[in-house]
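Here the structure is laid out as structure tokens; the discussion comes afterwards.
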Amino acid sequence: MKIWNFVTGAFQVNTFVVHLKDKYVFVVDPGGDILSISQFLASQELVPVAIVCSHGHFDHIFGIQDLREACGNIPLVAHQEESCYFGPDALEAHGYDLQMMGLPQLTEALSNIPEPDCWVEEGDTLAKVAGIPCPEEAAQWKVLHTPGHSNGSICLYNQQEGVLISGDTLFYGGYGHSDLYSGNQQQLYNSLRRIMQLPPETKLYPGHREFDVPLKEAIQGPWKKK
């Protein structure tokens, strides 16, 4: 299995392009810099069949519309508890977060974020995406609902390949903060404890910082919030 990484946007989000089968891939957290991503996809003759959002914070979704314009109307996937960040009513949540971060001027730029085509929950797999052309491979990617950084944060776990795409729940040597619109510190701690029950050799692909590191190494480093 191949996973390509693009560090996108001002907040240096890890945007992952994940191979499924043949020419098909899915994209996780398109934070921006879509021209580079779309040119790479075209050069490799890869076809994105889903955009998966680990959560709805602005830095992870800023490039959704541009990616869809470049590559077609790709199905958008997110957890149902993250609905506050998508669609016409999303400005309240984004406005709160951006005000907290001193960036209120960016709020209007998020007014056109579409609603997901596929809402997922704990235990679903990416095979739930309607019309996905490689359902057996998509079914290997299981949704773990890991609230805390936001109420609808998810990780994608591929047990067969030993890979966890963790969004902003867990980083190498750190974890996400819980002070934004739907964050909850106790839920985050519970989610971290759950992740730590996975096999220690599981390779971690987080939303920021180093990636492709064993879980046991990631949780032994000096921890700090982001």
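Just remember, in the structure tokens the first chain shown is A, the second B, etc., residues are 1-based per chain, and ligands are 1-based in the order shown.
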Could you go through segment 109-159 of chain A and tell me which residues DSSP, when run on the backbone, assigns to strand (DSSP E or B), listing them as a PyMOL selection string? chain A and resi 118-120+125+142-145+154-158
Quick one: write out the picked residues with N, CA, C and O atoms as an mmCIF file, in the first residue's frame?
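The resulting file, again.cif, is reproduced below:
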data_model
loop_
_atom_site.group_PDB
_atom_site.id
_atom_site.type_symbol
_atom_site.label_atom_id
_atom_site.label_comp_id
_atom_site.auth_asym_id
_atom_site.auth_seq_id
_atom_site.Cartn_x
_atom_site.Cartn_y
_atom_site.Cartn_z
ATOM 1 N N CYS A 118 -21.476 11.419 2.345
ATOM 2 C CA CYS A 118 -21.518 10.185 3.123
ATOM 3 C C CYS A 118 -21.155 10.503 4.564
ATOM 4 O O CYS A 118 -20.012 10.862 4.864
ATOM 5 N N TRP A 119 -22.146 10.389 5.452
ATOM 6 C CA TRP A 119 -21.891 10.549 6.881
ATOM 7 C C TRP A 119 -21.524 9.183 7.453
ATOM 8 O O TRP A 119 -22.225 8.200 7.222
ATOM 9 N N VAL A 120 -20.430 9.121 8.201
ATOM 10 C CA VAL A 120 -19.996 7.852 8.773
ATOM 11 C C VAL A 120 -20.041 7.928 10.295
ATOM 12 O O VAL A 120 -20.122 9.012 10.884
ATOM 13 N N THR A 125 -16.960 1.502 7.433
ATOM 14 C CA THR A 125 -15.747 1.492 6.620
ATOM 15 C C THR A 125 -15.977 2.382 5.404
ATOM 16 O O THR A 125 -17.112 2.810 5.129
ATOM 17 N N LYS A 142 -11.354 1.217 8.441
ATOM 18 C CA LYS A 142 -12.436 1.281 9.423
ATOM 19 C C LYS A 142 -12.429 2.628 10.147
ATOM 20 O O LYS A 142 -11.372 3.162 10.490
ATOM 21 N N VAL A 143 -13.615 3.146 10.382
ATOM 22 C CA VAL A 143 -13.783 4.409 11.096
ATOM 23 C C VAL A 143 -13.761 4.171 12.602
ATOM 24 O O VAL A 143 -14.544 3.380 13.125
ATOM 25 N N LEU A 144 -12.847 4.852 13.283
ATOM 26 C CA LEU A 144 -12.835 4.901 14.747
ATOM 27 C C LEU A 144 -13.276 6.299 15.158
ATOM 28 O O LEU A 144 -12.617 7.287 14.810
ATOM 29 N N HIS A 145 -14.385 6.390 15.863
ATOM 30 C CA HIS A 145 -14.835 7.696 16.337
ATOM 31 C C HIS A 145 -14.003 8.064 17.562
ATOM 32 O O HIS A 145 -14.057 7.384 18.592
ATOM 33 N N ILE A 154 -12.444 11.653 13.734
ATOM 34 C CA ILE A 154 -12.297 10.226 13.469
ATOM 35 C C ILE A 154 -10.843 9.890 13.160
ATOM 36 O O ILE A 154 -10.054 10.749 12.772
ATOM 37 N N CYS A 155 -10.504 8.629 13.350
ATOM 38 C CA CYS A 155 -9.291 8.032 12.811
ATOM 39 C C CYS A 155 -9.714 6.974 11.800
ATOM 40 O O CYS A 155 -10.811 6.412 11.897
ATOM 41 N N LEU A 156 -8.860 6.705 10.856
ATOM 42 C CA LEU A 156 -9.064 5.603 9.916
ATOM 43 C C LEU A 156 -8.023 4.536 10.224
ATOM 44 O O LEU A 156 -6.815 4.811 10.204
ATOM 45 N N TYR A 157 -8.502 3.327 10.485
ATOM 46 C CA TYR A 157 -7.607 2.246 10.889
ATOM 47 C C TYR A 157 -7.671 1.108 9.884
ATOM 48 O O TYR A 157 -8.753 0.604 9.571
ATOM 49 N N ASN A 158 -6.506 0.734 9.378
ATOM 50 C CA ASN A 158 -6.395 -0.407 8.485
ATOM 51 C C ASN A 158 -5.611 -1.481 9.231
ATOM 52 O O ASN A 158 -4.383 -1.430 9.322
#
Excluding same-chain residues fewer than 6 positions from Ser54 of chain A, what lies within 10 Å of it counting only C-alpha atoms, as a count of residues only? 24
As an MDAnalysis selection string, please: every residue in segment 106-166 of chain A that DSSP puts in helix (DSSP H, G or I). chainID A and resid 106:110 126:128 135:138
Kindly export the residues of the current selection with all heavy atoms, as a short mmCIF file (atom, residue, chain, number, x, y, z; two decimals), in the first residue's frame.
data_model
loop_
_atom_site.label_atom_id
_atom_site.label_comp_id
_atom_site.auth_asym_id
_atom_site.auth_seq_id
_atom_site.Cartn_x
_atom_site.Cartn_y
_atom_site.Cartn_z
N LEU A 106 -11.01 35.13 8.04
CA LEU A 106 -11.12 33.96 7.17
C LEU A 106 -12.50 33.31 7.20
O LEU A 106 -12.76 32.39 6.41
CB LEU A 106 -10.08 32.90 7.57
CG LEU A 106 -8.60 33.28 7.42
CD1 LEU A 106 -7.72 32.12 7.85
CD2 LEU A 106 -8.29 33.69 5.98
N THR A 107 -13.38 33.77 8.06
CA THR A 107 -14.66 33.10 8.26
C THR A 107 -15.46 33.00 6.97
O THR A 107 -15.97 31.93 6.61
CB THR A 107 -15.49 33.81 9.34
OG1 THR A 107 -14.73 33.86 10.55
CG2 THR A 107 -16.79 33.05 9.60
N GLU A 108 -15.59 34.09 6.24
CA GLU A 108 -16.41 34.08 5.03
C GLU A 108 -15.88 33.14 3.97
O GLU A 108 -16.63 32.63 3.15
CB GLU A 108 -16.55 35.50 4.48
CG GLU A 108 -17.51 36.37 5.27
CD GLU A 108 -18.92 35.80 5.32
OE1 GLU A 108 -19.40 35.29 4.29
OE2 GLU A 108 -19.53 35.85 6.40
N ALA A 109 -14.58 32.92 3.98
CA ALA A 109 -13.99 32.02 2.99
C ALA A 109 -14.46 30.58 3.17
O ALA A 109 -14.29 29.76 2.26
CB ALA A 109 -12.46 32.08 3.07
N LEU A 110 -15.07 30.29 4.31
CA LEU A 110 -15.55 28.94 4.59
C LEU A 110 -17.07 28.82 4.42
O LEU A 110 -17.66 27.83 4.82
CB LEU A 110 -15.16 28.53 6.01
CG LEU A 110 -13.65 28.38 6.21
CD1 LEU A 110 -13.29 28.47 7.68
CD2 LEU A 110 -13.16 27.06 5.64
N LEU A 126 -14.91 2.62 4.66
CA LEU A 126 -15.06 3.45 3.46
C LEU A 126 -15.85 2.75 2.36
O LEU A 126 -16.21 3.39 1.37
CB LEU A 126 -13.69 3.88 2.95
CG LEU A 126 -12.90 4.81 3.89
CD1 LEU A 126 -11.64 5.32 3.19
CD2 LEU A 126 -13.75 5.97 4.38
N ALA A 127 -16.14 1.48 2.55
CA ALA A 127 -17.03 0.81 1.60
C ALA A 127 -18.44 1.38 1.65
O ALA A 127 -19.25 1.12 0.75
CB ALA A 127 -17.07 -0.69 1.89
N LYS A 128 -18.73 2.18 2.68
CA LYS A 128 -20.05 2.81 2.78
C LYS A 128 -20.24 3.89 1.72
O LYS A 128 -21.38 4.27 1.41
CB LYS A 128 -20.22 3.41 4.18
CG LYS A 128 -21.60 3.98 4.45
CD LYS A 128 -21.73 4.46 5.89
CE LYS A 128 -23.13 5.00 6.16
NZ LYS A 128 -23.29 5.47 7.56
N PRO A 135 -14.74 -1.73 -3.44
CA PRO A 135 -15.30 -1.85 -2.09
C PRO A 135 -14.52 -2.77 -1.17
O PRO A 135 -14.49 -2.55 0.04
CB PRO A 135 -16.72 -2.37 -2.34
CG PRO A 135 -16.68 -2.97 -3.71
CD PRO A 135 -15.69 -2.17 -4.48
N GLU A 136 -13.90 -3.82 -1.72
CA GLU A 136 -13.15 -4.73 -0.84
C GLU A 136 -11.96 -4.02 -0.20
O GLU A 136 -11.70 -4.16 1.00
CB GLU A 136 -12.67 -5.95 -1.63
CG GLU A 136 -13.80 -6.88 -2.05
CD GLU A 136 -13.27 -8.14 -2.72
OE1 GLU A 136 -12.04 -8.36 -2.69
OE2 GLU A 136 -14.10 -8.90 -3.25
N GLU A 137 -11.25 -3.23 -0.99
CA GLU A 137 -10.11 -2.48 -0.45
C GLU A 137 -10.60 -1.36 0.46
O GLU A 137 -9.99 -1.08 1.50
CB GLU A 137 -9.26 -1.91 -1.58
CG GLU A 137 -8.46 -2.96 -2.34
CD GLU A 137 -9.30 -3.83 -3.26
OE1 GLU A 137 -10.43 -3.42 -3.61
OE2 GLU A 137 -8.82 -4.93 -3.63
N ALA A 138 -11.70 -0.71 0.09
CA ALA A 138 -12.24 0.36 0.92
C ALA A 138 -12.70 -0.17 2.28
O ALA A 138 -12.61 0.52 3.29
CB ALA A 138 -13.40 1.05 0.20
#
Per residue of segment 52-166 of chain A within 6 Å of segment 187-204 of chain A, record the nearest atom pair and its distance in Å to one decimal, counting only C-alpha atoms, with rows in chain order and ascending residue number, as a Markdown table.
| residue | atom | partner | partner_atom | distance |
| --- | --- | --- | --- | --- |
| A:Thr146 | CA | A:Ser191 | CA | 5.0 |
| A:Pro147 | CA | A:Gln187 | CA | 5.8 |
| A:Gly148 | CA | A:Leu188 | CA | 3.6 |
| A:Gly162 | CA | A:Thr202 | CA | 4.7 |
| A:Val163 | CA | A:Lys203 | CA | 4.8 |
| A:Leu164 | CA | A:Leu204 | CA | 5.1 |
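Taking only C-alpha atoms into account, Leu170 of chain A lies nearest to A:Glu210 out of the set A:Glu210, A:Ile3, A:Pro75, A:Asn151.
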Spatial neighbours of segment 43-48 of chain A, 6 Å, only C-alpha atoms, chain gap at least 5 places, as a ChimeraX atom specification: /A:23-26
Store the residues picked out above, limited to N, CA, C and O atoms, as a tab-separated table (two decimals), in the first residue's frame.
chain	number	residue	atom	x	y	z
A	23	LYS	N	-5.83	2.30	-10.15
A	23	LYS	CA	-5.63	3.75	-10.26
A	23	LYS	C	-6.38	4.52	-9.17
A	23	LYS	O	-6.31	5.76	-9.14
A	24	TYR	N	-7.07	3.83	-8.29
A	24	TYR	CA	-7.98	4.50	-7.36
A	24	TYR	C	-7.29	4.85	-6.04
A	24	TYR	O	-6.56	4.04	-5.46
A	25	VAL	N	-7.58	6.06	-5.55
A	25	VAL	CA	-7.04	6.55	-4.29
A	25	VAL	C	-8.14	7.32	-3.56
A	25	VAL	O	-9.18	7.68	-4.15
A	26	PHE	N	-7.93	7.56	-2.27
A	26	PHE	CA	-8.76	8.54	-1.57
A	26	PHE	C	-7.85	9.58	-0.95
A	26	PHE	O	-6.66	9.34	-0.70
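Between Leu91 of chain A and the residues A:Trp141, A:Tyr181, A:Phe16, A:Tyr172, the shortest atom-to-atom distance, using only C-alpha atoms, involves A:Tyr181.
Of the listed residues A:Ala42, A:Ala93, A:Ile113, A:Ala50, the one whose atoms come nearest to Asp66 of chain A is A:Ile113, with distances taken using only C-alpha atoms.
Counting from atom CA of Gly56 of chain A, the distance to atom CA of Tyr85 of chain A is 5.3 Å.
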One number please: atom CA of Gln12 of chain A to atom CA of Gly95 of chain A, in Å, one decimal. 20.5 Å
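For the choices A:Asn112, A:Thr8, A:Asn14, A:Ser83, the atom-to-atom distance to Ser36 of chain A is smallest for A:Thr8 when using only C-alpha atoms.
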With only C-alpha atoms as the basis for distance, which of A:Ile51, A:Val17, A:Leu67, A:Val129 is at the shortest distance from Ser38 of chain A? A:Leu67
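Note that the spacing between atom CA of Gly87 of chain A and atom CA of Glu121 of chain A amounts to 18.5 Å.
Minimum atom-to-atom distance to Gln39 of chain A, evaluated using only C-alpha atoms, belongs to A:Cys71 out of A:Ala130, A:Leu98, A:Cys71, A:Val18.
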